[in-house]
Structures are given as structure tokens and as C-alpha cells.
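These notes are about the structure you will find just below.
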Amino acid sequence: MNLRFTQFLKTFSSFENRIEQLSDIINYGRLISINGLVLEVVGLKMPIGSECFIERKIDGKNANISAEVIGFSEEKTLLLSFGEINGVFPGARVFAKLGNYVDCIIKKMPLSTELLGRVLDGRGQPLDRLPKIDRKHYTTIKNYTINPLHRTPITEVLDTGIRAINGLLTIGRGQKIGIFSSSGLGKSILLGMMARYTQADVIIIALIGERGREVKDFIENILGIEGLSRSVVIAAPADVSPLLKIQAASYATNIAEYFYRSNKHVLLIMDSLTRYAMAQREILLSLGELPVSKGYPSSIFSIIPNLLERTGRANKNKASITSFYTVLTEGEDEQDPVSHLARSILDGHIILSRYYAGLGHYPAIDIESSVSRVMPNIVNSQQHYQAFYFKKLVSSYQRNRDLINIGAYITGTDAVLDHAIKIWPQLEKFLQQKISEKSDYFLSCQELNKIFL
């Protein structure tokens with residue numbers, strides 16, 4: 001009897017192993033139309049967020065492309081491709097693994113210390129010609145939300161290595177800052193200096209919608225080997241799918257959250273938030289949502305806060321995610337909805353000035369218009385007063401610049417302006433800094449103090 005039972009167990013175990021080795025069951029539908037960016041499929045019912053594969057033939061060979069379910073309309077499932085759709089034909093099969101619907105939308109991406117020094121795309125695939133990340137480092141992606149009552153007050157100074165920011169716009173660990181700039185004002189150089197000199201354990205850099213040439217130049221010439229060694233770069237250039245740009249921004253934040261949970265001080269730099277918003281706009285308009293402001297649909301006003309609010313500090317954790325988001329202000333249009341929304345959500349903003357850039361004044365920070373909302377809580381009263389008075393001097397000088405240049409100003413008319421004229425060379429010197437020059441927080445405060453001795 002025992003022998004028969006043993007033989008039965010062996011047979012059952014063998015049968016079970018054979019079942020496990022069977023290939024997955026494949027569910028597929030048919031492509032019926034392409035409407036702009038959106039591909040319409042019938043016969044395939046999958047939840048939003050599921051990944052599918054579209055049948056394609058190039059040179060007579062199968063070259064399937066991946067896509068993601070982004071919506072549905074009656075009996076049609078709507079997809080957006082991650083790549084070019086050349087070679088896709090009417091009636092092409094669209095495949096998806098059949099299984100638990102929850103399992104279908106679970107995404108696994110590489111999250112590990114092995115990412116340091118790597119350049120990846122929005123799906124975790126290497127762009128740096130180095131080997132792929134080992135599958136053992138792939139982890140289920142979760143977007144964490146922070147209870148507002150669990151957020152920790154920002155009390156610790158973050159040293160950025162940039163004198164004007166350290167002394168006059170002091171940043172705290174866990175703060176969210178916007179860098180507002182139009183093209184050609186040295187935004188990338190400023191970001192590179194931050195990546196090199198900021199006192200952080202890990203730097204996460206998301207290059208969203210930038211020119212391909214600019215991505216390579218930033219990594220090799222601005223970030224450099226030393227900066228890259230403690231960084232993870234996620235790049236989604238201008239020529240990739242809007243879906244991939246969105247995924248790159250979210251994935252970069254996921255990586256920042258991973259290192260934060262490993263008790264690291266993380267610096268997240270995203271260039272740019274505007275390109276991320278534009279990618280969202282492309283998809284939302286393709287789905288038929290109506291534009292309400294400058295071509296942006298209304299849902300963009302909830303999507304952007306969802307991304308920005310994932311950084312900071314919480315639950316008295318000693319770690320932090322400090323984030324810098326660049327915002328494009330083309331034509332100095334202050335009514336741009338992305339710019340307006342970012343100003344209201346972020347904990348401060350650094351404005352780059354075309355006037356200063358035209359004078360060869362770098363970094364071209366408009367100190368009058370820039371502000372750090374947490375600075376009063378993390379610096380002593382002396383530095384706060386000196387920074388306030390410094391801005392007052394600069395503002396007074398700039399308002400009367402034309403009178404000063406033509407010699408029409410009469411000394412003694414305005415005591416503040418008299419002081420500004422007297423020490424103007426020192427004020428200018430303090431605001432300017434070479435890309436190869438590092439000025440730590442204590443040195444910045446000492447130099448600020450010297451101006452007013």
C-alpha cells in the first residue's frame with residue numbers, strides 16, 4: 001500500500017512539473033484602427049496599465065512592438081505604443097498574457113544599488129552600452145503617497161555648492177524647488193553644478209524630452225565621471241513616445257523613493273517638468289479630453305501634483321528626497337498653466353534671467369524674483385537679515401540702473417541706493433560662480449558676512 005502511494009506521489013509530482021513547464025496562455029485581439037497616437041483594438045479586454053505586444057512585420061520578419069492599455073471606449077481597447085508603429089498592418093494581432101487582472105498591471109523595474117553610474121531609459125533598459133540589469137534586481141513598482149500629517153518639518157540645510165543659492169536662497173533637505181528658465185540661459189550648467197557639488201548620497205537625474213545631443217553632452221561634459229559615479233540617469237529624449245517620457249519621470253521618482261527607503265539622502269533633478277506635462281497633454285488630447293488652458297486638459301492639474309508630492313520627508317525618517325524641477329517659460333509667459341501650477345505647489349523657485357545671461361553673468365539667477373519658502377526656518381536670524389538686505393540692495397540698484405549709468409543720480413538722495421552703488425562690485429562677484437568652482441555652505445555664509453562688515 002505504501003509503495004503504491006509513493007508511486008502515486010511521484011507520478012503526481014511529475015505531472016505537476018509538466019504543467020508548470022507549459023507556456024503561458026496568450027490572449028489576443030485585432031487592431032482595427034489608428035487614430036493619431038492611439039491604437040484601437042477589439043477582442044482584447046485588459047485593464048488600464050497592462051502591457052501588450054502588437055504584431056508587426058519589417059522586411060518580412062516579425063518585429064513585435066510593445067504598447068500599454070491607456071483606456072477603452074465601448075468594445076474597443078485603446079493602446080499607446082512605446083515605439084514607432086511603422087510596419088503595423090490592419091487586423092494585426094495584439095497579444096497579452098492571460099491571467100489574474102491584478103497581475104497583468106503589476107510592473108517590475110530594476111531597483112537596486114546596481115543602478116548607480118548607469119544611464120537607462122524609462123523602462124529600465126540600458127542606454128550606456130553596458131550589460132542589462134540582472135533580473136534579480138527587478139522589483140514590483142509601487143507609487144507611494146505620503147500622509148500630510150506624517151511629513152517631517154524641514155530643518156536641515158542642504159549644501160548645493162552654489163554660493164548664490166547657499167547664501168541667499170538656502171535650500172533644506174526634503175524641499176521641492178522649481179528652476180524657471182527659457183532656453184539658452186545656462187539651465188543645464190546650473191543642474192550639472194548641483195549634481196557635482198550637492199551634499200547628497202545619491203543623485204537621480206531624469207532628462208525628459210530633451211534633445212538627444214544635449215543628453216550626451218550633459219552626461220559627458222557637465223555631469224562628468226565623478227558626478228555619474230553616484231548618480232542614476234533616466235533619459236527619455238524628445239524623439240521617444242510620450243508614454244515613455246511619462247514612464248521615465250515616474251520611474252526616476254520610484255528610484256528616488258527606493259534609495260530614500262534605504263535611508264539615503266537623495267537629490268532628484270527632473271529636466272523638465274514642462275516636457276512631462278506636454279507628454280501628458282499629447283495622450284490626454286488623443287483620448288478626446290477637451291483643452292481648457294493653453295491646450296492643456298483639466299486633468300493635468302491633478303496629474304502634476306501627484307508626481308511632485310511623492311518627494312520630501314516623512315515619519316521622522318532621517319533620509320530625504322530633495323527635488324529640483326525645471327520649468328520652461330518660453331516667451332516669459334507667466335500665464336503658462338504648468339508654470340503657474342508649479343509655483344503654487346513647490347516650496348520655492350529659482351528664476352533664471354535673460355538679462356543676466358546676456359551680460360555673461362553666470363549662474364544667471366534673478367535673485368530679486370527667486371525665493372526659498374523654507375529658508376527662514378533653517379537659517380539663523382543674521383543670515384536671513386543679510387540675505388533680505390542683499391536683495392534690497394540689488395533691487396534698488398537695478399531699478400535705478402539707467403540713472404546711474406548716465407550720471408543723473410545725485411548721491412545722498414537714497415541711502416540704500418548709495419550703499420548699493422558703493423559695494424556693487426562685491427554684490428556682483430558674490431552672485432557669479434564658475435562651473436569648476438565649488439562654494440560650500442559655510443564658505444558662502446562667510447563671504448556674505450564679509451560684504452556687510
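Residue numbering restarts at 1 for every chain of the C-alpha cells, chains are lettered A, B, ... in their displayed order, and ligands are numbered from 1 as they appear.
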
DSSP alpha helix (DSSP H) residues within segment 135-361 of chain A, listed as a PyMOL selection string: chain A and resi 163-168+187-197+212-217+224-229+242-261+273-286+300-308+337-345+354-358

Residue contacts of Gly87 of chain A (6 Å, only C-alpha atoms) excluding same-chain residues fewer than 3 positions away, as a PyMOL selection string: chain A and resi 56-58

Would you list the contacts of segment 245-261 of chain A as number ranges by chain, taking every protein, DNA or RNA residue within 8 Å and counting only C-alpha atoms, but skipping same-chain residues closer than 4 positions in sequence? A: 111-112, 121-123, 141-143, 202, 204-206, 208-209, 234-237, 240-241, 265-268, 270, 276, 279-280, 307, 310-311, 319-321

Generate a file of the selected residues that holds N, CA and C atoms, formatted as an mmCIF file, in the first residue's frame.
```cif
data_model
loop_
_atom_site.group_PDB
_atom_site.id
_atom_site.type_symbol
_atom_site.label_atom_id
_atom_site.label_comp_id
_atom_site.auth_asym_id
_atom_site.auth_seq_id
_atom_site.Cartn_x
_atom_site.Cartn_y
_atom_site.Cartn_z
ATOM 1 N N LEU A 111 15.343 48.096 -9.479
ATOM 2 C CA LEU A 111 15.554 48.993 -8.344
ATOM 3 C C LEU A 111 16.644 48.383 -7.483
ATOM 4 N N SER A 112 17.818 48.997 -7.514
ATOM 5 C CA SER A 112 18.956 48.406 -6.814
ATOM 6 C C SER A 112 20.105 49.403 -6.788
ATOM 7 N N ASP A 121 16.726 53.972 -19.913
ATOM 8 C CA ASP A 121 15.536 54.622 -20.445
ATOM 9 C C ASP A 121 14.386 54.471 -19.454
ATOM 10 N N GLY A 122 13.205 54.885 -19.850
ATOM 11 C CA GLY A 122 12.067 54.874 -18.945
ATOM 12 C C GLY A 122 11.569 53.500 -18.568
ATOM 13 N N ARG A 123 12.087 52.452 -19.211
ATOM 14 C CA ARG A 123 11.676 51.086 -18.890
ATOM 15 C C ARG A 123 12.800 50.298 -18.233
ATOM 16 N N ILE A 141 6.866 47.744 -8.957
ATOM 17 C CA ILE A 141 6.807 49.197 -8.830
ATOM 18 C C ILE A 141 5.525 49.605 -8.100
ATOM 19 N N LYS A 142 5.705 50.427 -7.071
ATOM 20 C CA LYS A 142 4.569 50.978 -6.341
ATOM 21 C C LYS A 142 4.767 52.484 -6.214
ATOM 22 N N ASN A 143 3.705 53.234 -6.455
ATOM 23 C CA ASN A 143 3.757 54.684 -6.269
ATOM 24 C C ASN A 143 3.244 55.022 -4.875
ATOM 25 N N VAL A 202 22.880 60.092 -3.033
ATOM 26 C CA VAL A 202 22.537 59.585 -4.360
ATOM 27 C C VAL A 202 21.888 60.708 -5.163
ATOM 28 N N ILE A 204 19.572 61.374 -8.557
ATOM 29 C CA ILE A 204 18.729 60.802 -9.613
ATOM 30 C C ILE A 204 18.439 61.921 -10.609
ATOM 31 N N ILE A 205 18.816 61.721 -11.862
ATOM 32 C CA ILE A 205 18.631 62.746 -12.887
ATOM 33 C C ILE A 205 17.692 62.204 -13.958
ATOM 34 N N ALA A 206 16.582 62.879 -14.157
ATOM 35 C CA ALA A 206 15.613 62.491 -15.185
ATOM 36 C C ALA A 206 15.637 63.538 -16.290
ATOM 37 N N ILE A 208 13.897 64.510 -19.416
ATOM 38 C CA ILE A 208 12.621 64.223 -20.065
ATOM 39 C C ILE A 208 12.414 65.160 -21.254
ATOM 40 N N GLY A 209 12.352 64.597 -22.462
ATOM 41 C CA GLY A 209 12.030 65.375 -23.643
ATOM 42 C C GLY A 209 13.147 66.283 -24.134
ATOM 43 N N ILE A 234 18.103 58.742 -15.930
ATOM 44 C CA ILE A 234 16.982 58.183 -16.696
ATOM 45 C C ILE A 234 16.696 59.166 -17.834
ATOM 46 N N ALA A 235 16.877 58.716 -19.062
ATOM 47 C CA ALA A 235 16.756 59.607 -20.223
ATOM 48 C C ALA A 235 15.622 59.162 -21.138
ATOM 49 N N ALA A 236 14.777 60.100 -21.498
ATOM 50 C CA ALA A 236 13.716 59.883 -22.487
ATOM 51 C C ALA A 236 13.760 61.075 -23.428
ATOM 52 N N PRO A 237 14.603 61.020 -24.474
ATOM 53 C CA PRO A 237 14.788 62.180 -25.366
ATOM 54 C C PRO A 237 13.514 62.579 -26.094
ATOM 55 N N VAL A 240 11.249 60.080 -28.437
ATOM 56 C CA VAL A 240 10.612 58.843 -27.980
ATOM 57 C C VAL A 240 9.125 59.071 -27.757
ATOM 58 N N SER A 241 8.396 57.994 -27.542
ATOM 59 C CA SER A 241 6.955 58.049 -27.316
ATOM 60 C C SER A 241 6.624 58.889 -26.085
ATOM 61 N N HIS A 265 20.116 60.142 1.688
ATOM 62 C CA HIS A 265 19.724 61.488 1.293
ATOM 63 C C HIS A 265 19.788 61.546 -0.237
ATOM 64 N N VAL A 266 18.648 61.778 -0.866
ATOM 65 C CA VAL A 266 18.537 61.694 -2.323
ATOM 66 C C VAL A 266 18.281 63.086 -2.902
ATOM 67 N N LEU A 267 18.964 63.380 -4.007
ATOM 68 C CA LEU A 267 18.686 64.583 -4.785
ATOM 69 C C LEU A 267 18.073 64.147 -6.106
ATOM 70 N N LEU A 268 16.841 64.575 -6.364
ATOM 71 C CA LEU A 268 16.149 64.254 -7.611
ATOM 72 C C LEU A 268 16.109 65.504 -8.476
ATOM 73 N N MET A 270 14.819 66.816 -12.177
ATOM 74 C CA MET A 270 13.994 66.465 -13.340
ATOM 75 C C MET A 270 13.993 67.620 -14.335
ATOM 76 N N TYR A 276 7.300 66.854 -19.447
ATOM 77 C CA TYR A 276 6.447 65.810 -18.868
ATOM 78 C C TYR A 276 4.972 66.188 -19.049
ATOM 79 N N ALA A 279 3.908 65.763 -22.648
ATOM 80 C CA ALA A 279 3.669 64.362 -22.989
ATOM 81 C C ALA A 279 2.295 63.922 -22.485
ATOM 82 N N GLN A 280 1.952 64.336 -21.269
ATOM 83 C CA GLN A 280 0.625 64.027 -20.738
ATOM 84 C C GLN A 280 -0.458 64.666 -21.609
ATOM 85 N N LEU A 307 2.694 63.754 -9.065
ATOM 86 C CA LEU A 307 4.114 63.457 -9.249
ATOM 87 C C LEU A 307 4.969 64.216 -8.236
ATOM 88 N N ARG A 310 5.291 63.233 -4.291
ATOM 89 C CA ARG A 310 5.906 61.961 -3.895
ATOM 90 C C ARG A 310 7.279 62.156 -3.257
ATOM 91 N N THR A 311 7.793 63.377 -3.228
ATOM 92 C CA THR A 311 9.114 63.626 -2.653
ATOM 93 C C THR A 311 8.980 64.378 -1.327
ATOM 94 N N ALA A 319 16.348 60.145 6.404
ATOM 95 C CA ALA A 319 16.592 60.289 4.971
ATOM 96 C C ALA A 319 15.683 61.361 4.389
ATOM 97 N N SER A 320 15.928 61.702 3.115
ATOM 98 C CA SER A 320 15.130 62.752 2.485
ATOM 99 C C SER A 320 15.223 62.632 0.973
ATOM 100 N N ILE A 321 14.237 63.191 0.283
ATOM 101 C CA ILE A 321 14.289 63.374 -1.168
ATOM 102 C C ILE A 321 14.117 64.862 -1.431
#
```

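Residues lying within 9 Å of Ile421 of chain A, counting only C-alpha atoms and ignoring same-chain neighbours fewer than 6 positions away, are Leu393, Tyr397 and Ile404 of chain A.
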
Could those residues be written to a file, using N, CA, C and O atoms, as a PDB file, in the first residue's frame?
```
ATOM      1  N   LEU A 393      19.332  95.669  -1.807  1.00  0.00           N
ATOM      2  CA  LEU A 393      20.367  96.448  -2.480  1.00  0.00           C
ATOM      3  C   LEU A 393      20.351  96.200  -3.992  1.00  0.00           C
ATOM      4  O   LEU A 393      20.434  97.134  -4.788  1.00  0.00           O
ATOM      5  N   TYR A 397      19.434  98.956  -6.918  1.00  0.00           N
ATOM      6  CA  TYR A 397      20.402  99.273  -7.978  1.00  0.00           C
ATOM      7  C   TYR A 397      19.798  99.030  -9.359  1.00  0.00           C
ATOM      8  O   TYR A 397      19.939  99.862 -10.268  1.00  0.00           O
ATOM      9  N   ILE A 404      21.972 105.720 -13.006  1.00  0.00           N
ATOM     10  CA  ILE A 404      23.367 105.592 -12.564  1.00  0.00           C
ATOM     11  C   ILE A 404      24.298 105.617 -13.761  1.00  0.00           C
ATOM     12  O   ILE A 404      25.347 106.281 -13.758  1.00  0.00           O
TER      13      ILE A 404
END
```

Mind checking which residues fall within 6 Å of Ser439 of chain A, counting only C-alpha atoms, ignoring those fewer than 3 positions away in the same chain, and posting them as a tab-separated table (two decimals) with N, CA and C atoms, in the first residue's frame?
```tsv
chain	number	residue	atom	x	y	z
A	161	GLY	N	26.57	73.71	-2.99
A	161	GLY	CA	27.86	74.07	-3.57
A	161	GLY	C	27.81	75.31	-4.44
A	162	ILE	N	26.66	75.98	-4.51
A	162	ILE	CA	26.49	77.18	-5.33
A	162	ILE	C	26.27	78.37	-4.39
A	163	ARG	N	27.15	79.34	-4.45
A	163	ARG	CA	27.19	80.43	-3.48
A	163	ARG	C	25.88	81.21	-3.39
```

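Here atom CA of Pro148 of chain A and atom CA of Met109 of chain A stand 27.5 Å from one another.
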
Which residues, written as an NGL selection string, have at least one atom at most 12 Å from Gly117 of chain A, with only C-alpha atoms counted and residues fewer than 3 positions away on the same chain left out? :A and (112-114 or 120 or 126-128 or 130 or 202-205 or 219 or 223-234)

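For the atom pair formed by atom CA of Lys316 of chain A and atom CA of Lys264 of chain A, the distance is 13.4 Å, given to one decimal.
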
Report the residues of segment 3-207 of chain A whose backbone DSSP state falls under strand (DSSP E or B), written as a ChimeraX atom specification. /A:26-35,38-42,51-54,57-58,61-62,65-73,76-81,93-97,108-110,119-120,126,138-140,151,157-158,171-172,176-181,202-207

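Atom CA of Pro90 of chain A is positioned 14.2 Å from atom CA of Asn64 of chain A.
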
Selection near Pro110 of chain A, 7 Å with only C-alpha atoms, sequence-local residues under 6 positions removed, as a ChimeraX atom specification: /A:124,133,137-139

Mind dumping the selected residues with N, CA and C atoms as an mmCIF file, in the first residue's frame?
```
data_model
loop_
_atom_site.group_PDB
_atom_site.id
_atom_site.type_symbol
_atom_site.label_atom_id
_atom_site.label_comp_id
_atom_site.auth_asym_id
_atom_site.auth_seq_id
_atom_site.Cartn_x
_atom_site.Cartn_y
_atom_site.Cartn_z
ATOM 1 N N GLY A 124 13.871 51.001 -17.853
ATOM 2 C CA GLY A 124 14.983 50.344 -17.176
ATOM 3 C C GLY A 124 15.956 49.655 -18.097
ATOM 4 N N ILE A 133 20.548 45.209 -16.659
ATOM 5 C CA ILE A 133 20.457 44.963 -15.221
ATOM 6 C C ILE A 133 19.922 43.546 -14.994
ATOM 7 N N HIS A 137 17.352 41.952 -9.768
ATOM 8 C CA HIS A 137 17.220 43.293 -9.199
ATOM 9 C C HIS A 137 15.894 43.950 -9.584
ATOM 10 N N TYR A 138 15.043 43.233 -10.326
ATOM 11 C CA TYR A 138 13.746 43.785 -10.718
ATOM 12 C C TYR A 138 12.766 43.679 -9.547
ATOM 13 N N THR A 139 12.052 44.750 -9.301
ATOM 14 C CA THR A 139 11.136 44.843 -8.166
ATOM 15 C C THR A 139 9.796 45.396 -8.635
#
```

Per residue of segment 390-437 of chain A within 7 Å of segment 353-376 of chain A, which atom pair is closest and at what distance in Å (one decimal), using only C-alpha atoms, listed by chain and increasing number, as a tab-separated table?
```
residue	atom	partner	partner_atom	distance
A:Lys391	CA	A:Glu368	CA	5.8
A:Ser395	CA	A:Glu368	CA	6.3
A:Gln432	CA	A:Tyr362	CA	5.4
A:Gln433	CA	A:Tyr362	CA	6.3
```
